[in-house]
Amino acid sequence: MKRKQQSVALAESIDNDQENSESDESFSDDGEGDTEDADQSAARNSKTPPEKKAKISKKELYRPPTNEELNQLKETENLFHSSLFRLQVSELLNEVQLKAKRRKQMEEAVTTVSQMIRSLKRTVEHELQSQKWLKNIKAPIHQKPRAVKGKFQFVPPAEILTTGSFVTGTCIKPNITVDLVVVIPQECFQEKDFMNHRYLRKRALYLAVIAKRLHEIHGLKDLQYTYHHGNALKPSLIVNFPSGEHRPVCLNITAVPEDGVFKLSRFHISKNNVRRQWFLEEGAGDSDTDKSSPTPFYNNTVLQDLTLRENATYLQSTLGDNPNLRDGIALLKVWLQQRELTQGFGGFSGFLISMFVAYLITQRKINHLMSSYQVMRNVILHLAQSDWTKEPLTLCSSFDAFEQPDPCLFYEHFAVTFVDVTGYVNLCSDISKGLYDRVRHEADLALKFLENHSMDSFAALFMTPVEFFRKFDVTFQIQNISKTEVEKLGIENKYVDYGGNIVQSLGSDLHALISRGLGQRVCVTQIRQSPAPKWDITSDPPDCEPAEPVQVGLLLNPEFAFSVLDKGPPAESPEAKEFLDFWGDRSELRRFKDGSVCEAVPWTKKSLLSEKRMVCCRVVQHVLERHVGISQESVKCFVDQLDPLLQCPVNNDSDDVCGTGEEQHNDVIQKYDELCKLLRNLKDLPLSINSIQGSAPVFRYSEVFPPLPALCNKEHVVEKGGRDLPQNYTKQCPQYNMSLNVICLLEGSGKWPDEKKAFNRLMAAFHIQLAESIKTQYGFPVSVYPRHIDVVKDNYVFRVVLGYTREIALTKMVKTPEGMVKYKDNEEALTLEREIQGLPRLTSTLHGIQQLHASFSSTVRLVKRWIAAQLLAEFVCDEAVEIIVAHLYLHPSPYTPPSSPMVGFQRFLYLVGNHDWKNSPLMVNLNDEFTAEDYQEILGRFQRERSSRPLMFLSTPYDKHASSWTRHAPSAPLLQRLVVLARGSLDVLNRLIQEGADNSSFKQLFRPPLETYDLIIHLARKQLPRQHEAVDREVIQLPVKTKGRVAKTTDPMDKLQYFPVYDYDPPSLFLNELKEIYGDFALFFYDKYGGKYIAVLWKPTAFTPKDFKVSHLAGRKVKTMESGDKDVTVVPNLEAIVDDFRILGRGLVSHIHVQQSNLKS
């Protein structure tokens, strides 16, 4: 398997990468600032010294604000979200809006191209279906069937109009395009050109002639065709006109007929203008039947051309020259574009949002005195509150029942209705219900972000891109769609209406079937709109049959999404037949607890959460197979591709399936709760236990591979102390069993000693007494240590630690020579505070997050598995990772909290790869304890003390200014390594989903690039107790007795009466020894979850020659200076160090591979 991630040097600076990422995400137009940049560089290179800034006098500095400044402050308070928000909006608008210099360049390009088009000569008349005269230039429209009546003659345009956002002043960068509309003279048309695509073909040929002449006569080379708003019936010509040294000006040329060519009533949505027999090339049939099926989409497409001038004039006159309205529309366009809602066929275009603003102005919901922020907020508010699928909007001020269609009549053919100023055109004819629901959903989220003053709503609304695969909890692809599905659904008339475009014909029916099947399980179902294709003028247009799969996204409703049973109507009710017709043989009769007998559809017999996450996919696959004829193999779901990385194959020979570990977490926590009850009921303890809290990751549902009960192994011998001793390590290392930490805080007492040594001895006595009580009352195997006891209960090993909060103060206590007592933070005290206070509190909080969001456990474990697989687990502690993942659920903006592990994993990669770790702390509001003032205080103090703060700064209510979990790691190179790997992994993951890759391909995300490392220490497989947890695990590596392991300990014979081998992991012990001895020479990287090698990277500082001293001789050799100087230095002895690695790892190390042969030794 090829590795897709690129290796990056660990010493690369984090500053440079963040600066590059910021420049990549800029809205600025590449060619627009060329002149300004040149002027600035000339000024910098000039020999004239810069003018000194005039000093502001003290009187001027403290003068009272002017009336203008007061008015501006009051306007900010009344018209904007906050003063910071106003500054951010102003800066954003300055970035995205067109500069005066660039506008002038574009106007010159429009003038030049318009003159070129006007100068074109009239051609001779040709048969419409004969196009050999175009030679190598192709018409940008599908011409099937080829046979069509009529003639075509090119006549210079009657008029050339400049329309669109360039005229209204609402265009935004990047990719600004000027819309040119050429008006086709009336003499180019004939009678009945409204029929059977004649007008559309003449329109396409008109554009083809323009393209041919611009290419041949005027020498323009960068010419392409595209579809206007993705509509395959309306092609347009793209001209990238050169603009000297600047970026080319992009012109989008479309064509419309001259006024009076067609009557608008001819294209009433209830009329037929495309004969089915002609389009499908069927035999002669019933002509009356052929005429009875309307062609609303075709009619609406032609009407858009006929009414373009009138709608454009209305929009321009309504908006006027008001800068606030223009700025508000620009903000709305940025908001839509960041959510991929404007692209392709069915997109919520900038023209549509501008017309909606005009509608709100006519309804007096918006006025010209509002600020740009108020315009944007009001538009979003009305988008969220109105429902265009039930109540049609109309811009038409007068209604003629004999000529114009009733606005409600549009609902018979279109899901969303917004009628234009003429009353004939539905501006939302191509918008699906799914996309409109998504727009309303995003508008509702935007209002919540704006109302939350404690969050950065500006970044959530305008700066963070909401990519399709990161937005939806479940995505799937429908592959191999063809005309067969059209026939299966019986929508041939719609197929004719959409000009033979299969995906656009099926879209509404597919959405309706999927939505009905899923019901309350989903909040939003959206079919992703594809970007409009572009192709050369010498090429044929793209095929009507989709070249790529149709992508569908599901935003789950966590309350109902994972239900394994759909309850239907009672068996004898009239609705039962309809229910049976829809679900088919999946439906069965069931008696429920209330005694009712109803139809029901079960989706899985297993109660595993990993199986429940697949229910939505199975519903979609069944519905599409039954009603559309799409096989289940053609519906590729992306939900469980990463689940195998969390599944431990220890139960593969038993009936029980481990799933992805959530159920095993519950089993451990159940045993832990039982232990807590027993500990609280202990007698004969000098002090009672105040609180008990587990601190191990398993108690916060974040252990990557939760422990399974240890097995009774008859081959092992138990020593007198009650400990399992394997007799033969050469066969196989014993199975890994971990101990689970439990913190017990004792009640307060004034009899504790004030000396640390005495305190430690007394605490050891407490542990001895606790062990005796457990043995006496419950008979559990107990092992006593000075600072903890180990207890075996139900084949789990619990490590019980007694804690007392006063010990933290004793550890901080320092006595001065004068006898004074001071309290000073030290590493021991901080570690103790984390263990007995920080960890239990964090565990309790994250446990609560898991109760609210079922996907939290799988997400955080998947993230930890990825970090370990990238060999970085030693440098990013587990608690820090868990806090970052908690941020995704507590601060999900601009999304909703993820409901599937894969989406949570994608969002983690994006957050780590794009967060500005240098300038911004990651604030995680655990338990909602932060206030708005806290956010400002944390940010302000962080900026003042940045140089002394950790590079990865995580602020929680428990450590606002300390970031205790990342105080020492990661370092700058390792953080940079993490950032680069996260970005690369996210790109690979998106590509795999886009391509519909098979499940095994997703493992490449968890295979680290090894080219960067200097040494690879390969380990013997027999001594790897966790090899079954490896990414590329092999089942044959597991011992036979391990394969049959089960997670049940109900049989008393299966319960351990002694200690198993636990916390025994030779590679980790070897790694710790290497770091302790050779940590000054190298960094060591290891995947603790079954890693088969340890990667070594020499530290550059280790190669600096040192003075000859006894303290410097460890791991070094003597080297004399080549210059003959008597000074003697020592340098690393790499050969000896590598030999030491072999000696220390004898029996564990199989071989060592040296990758960098050019190292100086």
# chains A, B, ... in the order shown; residues from 1 in each chain; ligands from 1

$ select_by_dssp --residues "segment 700-841 of chain A" --states "strand (DSSP E)" --output "PyMOL selection string"
chain A and resi 717-718+724-725+739-746+782-784+789-793+796-803+813-815+821-823

$ closest_atom_pairs --of "segment 951-974 of chain A" --to "segment 872-880 of chain A" --cutoff "7 Å" --atoms "only C-alpha atoms" --output "Markdown table"
| residue | atom | partner | partner_atom | distance |
| --- | --- | --- | --- | --- |
| A:Trp965 | CA | A:Ala880 | CA | 5.6 |
| A:Thr966 | CA | A:Ala880 | CA | 6.7 |
| A:Ala969 | CA | A:Phe875 | CA | 5.6 |
| A:Pro970 | CA | A:Phe875 | CA | 5.3 |

$ atom_distance --atom1 "atom CA of Phe766 of chain A" --atom2 "atom CA of Tyr804 of chain A"
11.4 Å

$ atom_distance --atom1 "atom CA of Ser691 of chain A" --atom2 "atom CA of Gln664 of chain A"
24.6 Å

$ closest_residue --among "A:Leu251, A:Leu555, A:Val181, A:Val800" --to "Tyr672 of chain A" --atoms "only C-alpha atoms"
A:Val800

$ closest_residue --among "A:Gln732, A:Phe476, A:Ser955, A:Glu75" --to "Glu633 of chain A" --atoms "only C-alpha atoms"
A:Phe476

$ residues_around --residues "Ile1094 of chain A" --least-positions-apart "3" --cutoff "6 Å" --atoms "only C-alpha atoms" --output "PyMOL selection string"
chain A and resi 1016-1017+1085-1086

$ atom_distance --atom1 "atom CA of Arg309 of chain A" --atom2 "atom CA of Ala255 of chain A"
11.6 Å

$ residues_around --residues "Ala571 of chain A" --least-positions-apart "5" --cutoff "8 Å" --atoms "only C-alpha atoms" --output "PyMOL selection string"
chain A and resi 576+589+597-599

$ closest_atom_pairs --of "segment 236-338 of chain A" --to "segment 396-419 of chain A" --cutoff "8 Å" --atoms "only C-alpha atoms" --output "JSON lines"
{"residue": "A:Ser265", "atom": "CA", "partner": "A:Glu403", "partner_atom": "CA", "distance": 6.1}
{"residue": "A:His268", "atom": "CA", "partner": "A:Pro405", "partner_atom": "CA", "distance": 6.8}
{"residue": "A:Ile269", "atom": "CA", "partner": "A:Pro405", "partner_atom": "CA", "distance": 7.3}
{"residue": "A:Pro296", "atom": "CA", "partner": "A:His413", "partner_atom": "CA", "distance": 6.8}

$ select_by_dssp --residues "segment 481-715 of chain A" --states "helix (DSSP H, G or I)" --output "count of residues only"
91

$ residues_around --residues "segment 1137-1139 of chain A" --least-positions-apart "3" --cutoff "9 Å" --atoms "only C-alpha atoms" --output "list in words"
Leu1015, Tyr1078, Gly1115, Arg1116, Pro1132, Asn1133, Leu1134, Arg1142, Ile1143, Leu1144 and Ile1152 of chain A

$ closest_residue --among "A:Tyr373, A:Phe1141, A:Phe908, A:Tyr1062" --to "Phe798 of chain A" --atoms "only C-alpha atoms"
A:Tyr1062

$ residues_around --residues "segment 167-177 of chain A" --least-positions-apart "2" --cutoff "6 Å" --atoms "only C-alpha atoms" --output "list in words"
Phe27, Asp29, Val96, Gln97, Thr163, Gly164, Ser165, Cys250, Leu251, Gln316, Arg326 and Ala330 of chain A

$ closest_residue --among "A:Leu678, A:Val209, A:Asp1080, A:Gln526" --to "His1112 of chain A" --atoms "only C-alpha atoms"
A:Asp1080

$ closest_residue --among "A:Phe152, A:Phe469, A:Tyr958, A:Tyr785" --to "Gln129 of chain A" --atoms "only C-alpha atoms"
A:Phe152

$ residues_around --residues "Val439 of chain A" --least-positions-apart "4" --cutoff "9 Å" --atoms "only C-alpha atoms" --output "PyMOL selection string"
chain A and resi 336+341+348+383-384+434-435+443-444
